[in-house]
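*Asks:* This is the structure I want to talk about, given as structure tokens.
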Amino acid sequence: MKELCAKFIEDYSKPKNRPRTVKSYQGYIDRHIIPKLGALKVRQVIRSDVSDVMTRMKKTPVTANRVLSCLRKMFNMAEVWGFRDDGTNPCRHIPKYPESGKTRLITDDEMVRLFAYLDRADVEGLEHPFFTLGIRLQFAFAARMSEIINMEWKWVDFVNRRVVWPDSKTGEISKPMSEDVIALLSTAPRFQRSPYVVPSISQPDQPMSQYTYFEGWKRILERAEIPHVGTHSIRHRATTEIANSGVPVKVGMQLTGHKTVTQFMRYVHTEDSPVRAAAETVASRRLVVLSGQRTSPQPTHNVMVVQSAKPLKAPVARPAGFDDGQYSSTTKLGNYRPFRHRSGANRATPPGTKRTGKVRLVAAE
């Protein structure tokens with residue numbers, strides 16, 4: 001297993017994954033996989049071994065899930081390289097731990113307060129312009145934080161109104177620029193001819209660090225009186241707006257850079273207002289049906305005319321036995337008695353029971 005781990009990093013991860021992913025895989029291997037499975041032969045590893053690794057990591061469920069994903073991919077490659085028979089991946093059917101963390105959606109009111117503060121900060125100089133620029137671009141492109149802080153001016157094509165990231169988390173992505181983005185980038189400050197759109201404040205030849213950007217985001221949220229959310233909530237909010245705008249899913253995926261519909265929909269949140277409006281629409285249609293009314297267009301007006309249909313039927317009379325006093329049960333509740341508590345000839349018998357016919361005879365007599 002130790003040799004398989006080394007081969008997995010060198011022959012698979014480094015050629016196919018980004019450096020950050022390679023570093024994460026190597027960390028999972030060094031801290032969790034090799035100490036527990038490193039001495040075993042690749043063919044000797046069975047499902048209980050992997051399950052034991054997951055059980056020992058139950059106090060860190062998120063890390064355990066990432067280790068399981070790494071192991072699953074590693075054993076898939078072991079089958080490709082001939083170290084295991086096909087279909088023998090020991091990670092199959094091993095469930096992941098539930099992850100309780102959930103990204104909170106930035107509400108409409110919070111959006112209003114946030115952009116009001118950004119406008120005020122730009123006018124009064126309350127924040128460094130690179131912070132406000134980065135946040136506005138992240139909303140505009142529904143982008144990840146890493147895509148904004150690593151964005152270079154040479155990727156911006158004002159002629160074709162497009163920005164191309166040659167190496168994002170999901171590979172090369174290309175996103176169009178709206179009029180607002182063009183105006184934003186056209187007036188954006190350039191710091192000592194830095195190649196980056198959002199450079200480091202102290203080192204213009206370097207991109208802004210994730211720590212610096214995140215701290216600036218936290219400070220802006222606090223000053224705008226908005227409860228804390230991570231920078232990835234910006235991407236969730238922007239993706240939700242794209243989905244609710246009515247554009248086709250394929251177009252939305254192009255705007256966000258997602259590769260699959262499943263991943264795109266994971267970023268779409270269900271807001272209260274559309275759901276509440278849908279509930280009201282459904283309730284209104286139900287009332288129309290229950291009231292026996294229908295709508296039809298009036299040929300000479302631009303309004304819908306409500307026409308009455310057949311009146312509702314009169315309420316059905318109460319079955320015999322409700323008010324006839326034929327009850328001896330001590331569970332009496334007003335005049336109502338369940339049929340099973342009736343002692344008279346009107347006592348109902350469950351269908352299919354042996355005494356059904358006998359009761360009918362008594363009732364008939």
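Chain identifiers are assigned as A, B, and so on, following the order in which chains appear in the structure tokens; residues are numbered from 1 within each chain, and ligands are numbered from 1 in order of appearance.
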May I have the residues within 12 Å of Tyr28 in chain A as a PyMOL selection string, using only C-alpha atoms and disregarding those fewer than 4 positions away in the same chain?

*Replies:* chain A and resi 5+9+21-24+32-36+53+57+62-71+74

*Asks:* Using DSSP assignments from the backbone, pull out every residue in range 29-213 of chain A that falls under helix (DSSP H, G or I) and give it to me as a PyMOL selection string.

*Replies:* chain A and resi 29-37+42-44+47-56+61-80+108-124+129-141+145-149+153-155+179-186+210-213

*Asks:* Met1 in chain A: which residues within 7 Å, counting only C-alpha atoms, same-chain residues fewer than 5 positions away excluded, as a list of chain:residue names?

*Replies:*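 Returned residues: A:Leu37, A:Gly38, A:Ala39, A:Leu40, A:Lys41, A:Val42.
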
*Asks:* For Glu225 in chain A, which residue out of A:Met54, A:Phe131, A:Arg84, A:Ala116 is the nearest one, using only C-alpha atoms?

*Replies:*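 Under the stated criterion, the closest residue is A:Ala116.
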
*Asks:* Go through range 16-218 of chain A and collect every residue that DSSP, computed from the backbone, puts in strand (DSSP E); the answer should be as a VMD selection string.

*Replies:* chain A and resid 156 to 157 162 to 168 171 to 176

*Asks:* Which residues of range 171-239 of chain A sit at most 8 Å from range 264-287 of chain A, using only C-alpha atoms? Give each one's shortest atom pair and distance in Å (one decimal place), in chain and ascending residue order, as JSON lines.

*Replies:*
```
{"residue": "A:Arg235", "atom": "CA", "partner": "A:Tyr267", "partner_atom": "CA", "distance": 7.8}
{"residue": "A:His236", "atom": "CA", "partner": "A:Tyr267", "partner_atom": "CA", "distance": 5.1}
{"residue": "A:Arg237", "atom": "CA", "partner": "A:Val268", "partner_atom": "CA", "distance": 7.8}
{"residue": "A:Thr239", "atom": "CA", "partner": "A:Val268", "partner_atom": "CA", "distance": 6.0}
```

*Asks:* Would you export the selected residues with all heavy atoms as an mmCIF file, in the first residue's frame, please?

*Replies:*
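Written output follows (result_32.cif):
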```cif
data_model
loop_
_atom_site.group_PDB
_atom_site.id
_atom_site.type_symbol
_atom_site.label_atom_id
_atom_site.label_comp_id
_atom_site.auth_asym_id
_atom_site.auth_seq_id
_atom_site.Cartn_x
_atom_site.Cartn_y
_atom_site.Cartn_z
ATOM 1 N N ARG A 235 -20.552 33.072 -4.062
ATOM 2 C CA ARG A 235 -20.786 32.194 -5.217
ATOM 3 C C ARG A 235 -22.149 31.512 -5.117
ATOM 4 O O ARG A 235 -22.856 31.369 -6.109
ATOM 5 C CB ARG A 235 -19.663 31.162 -5.302
ATOM 6 C CG ARG A 235 -19.746 30.191 -6.470
ATOM 7 C CD ARG A 235 -18.407 29.490 -6.623
ATOM 8 N NE ARG A 235 -18.465 28.299 -7.457
ATOM 9 C CZ ARG A 235 -18.416 28.282 -8.772
ATOM 10 N NH1 ARG A 235 -18.339 29.434 -9.436
ATOM 11 N NH2 ARG A 235 -18.437 27.157 -9.455
ATOM 12 N N HIS A 236 -22.532 31.121 -3.900
ATOM 13 C CA HIS A 236 -23.843 30.508 -3.716
ATOM 14 C C HIS A 236 -24.954 31.515 -4.040
ATOM 15 O O HIS A 236 -25.950 31.166 -4.695
ATOM 16 C CB HIS A 236 -23.997 30.016 -2.276
ATOM 17 C CG HIS A 236 -23.334 28.706 -2.019
ATOM 18 N ND1 HIS A 236 -24.039 27.543 -1.822
ATOM 19 C CD2 HIS A 236 -22.017 28.362 -1.929
ATOM 20 C CE1 HIS A 236 -23.195 26.538 -1.618
ATOM 21 N NE2 HIS A 236 -21.960 27.021 -1.668
ATOM 22 N N ARG A 237 -24.810 32.736 -3.565
ATOM 23 C CA ARG A 237 -25.828 33.755 -3.814
ATOM 24 C C ARG A 237 -25.936 34.061 -5.303
ATOM 25 O O ARG A 237 -27.039 34.137 -5.869
ATOM 26 C CB ARG A 237 -25.488 35.028 -3.038
ATOM 27 C CG ARG A 237 -26.344 36.234 -3.393
ATOM 28 C CD ARG A 237 -27.752 36.085 -2.893
ATOM 29 N NE ARG A 237 -28.659 37.006 -3.579
ATOM 30 C CZ ARG A 237 -29.832 37.386 -3.100
ATOM 31 N NH1 ARG A 237 -30.252 36.947 -1.939
ATOM 32 N NH2 ARG A 237 -30.601 38.201 -3.781
ATOM 33 N N THR A 239 -25.061 32.168 -7.852
ATOM 34 C CA THR A 239 -25.602 31.009 -8.576
ATOM 35 C C THR A 239 -27.105 30.919 -8.392
ATOM 36 O O THR A 239 -27.841 30.589 -9.333
ATOM 37 C CB THR A 239 -24.924 29.718 -8.092
ATOM 38 O OG1 THR A 239 -23.504 29.836 -8.242
ATOM 39 C CG2 THR A 239 -25.412 28.515 -8.883
#
```

*Asks:* Show me, as a PyMOL selection string, the residues that have an atom within 7 Å of range 204-220 of chain A when counting only C-alpha atoms, minus same-chain residues fewer than 5 positions from it.

*Replies:* chain A and resi 131+149-150+191-192+194-196+198-199+228+231

*Asks:* To one decimal place, how far is CA of Ile173 in chain A from CA of Lys250 in chain A in Å?

*Replies:*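 Atom-to-atom, CA of Ile173 in chain A and CA of Lys250 in chain A are spaced 14.1 Å apart.
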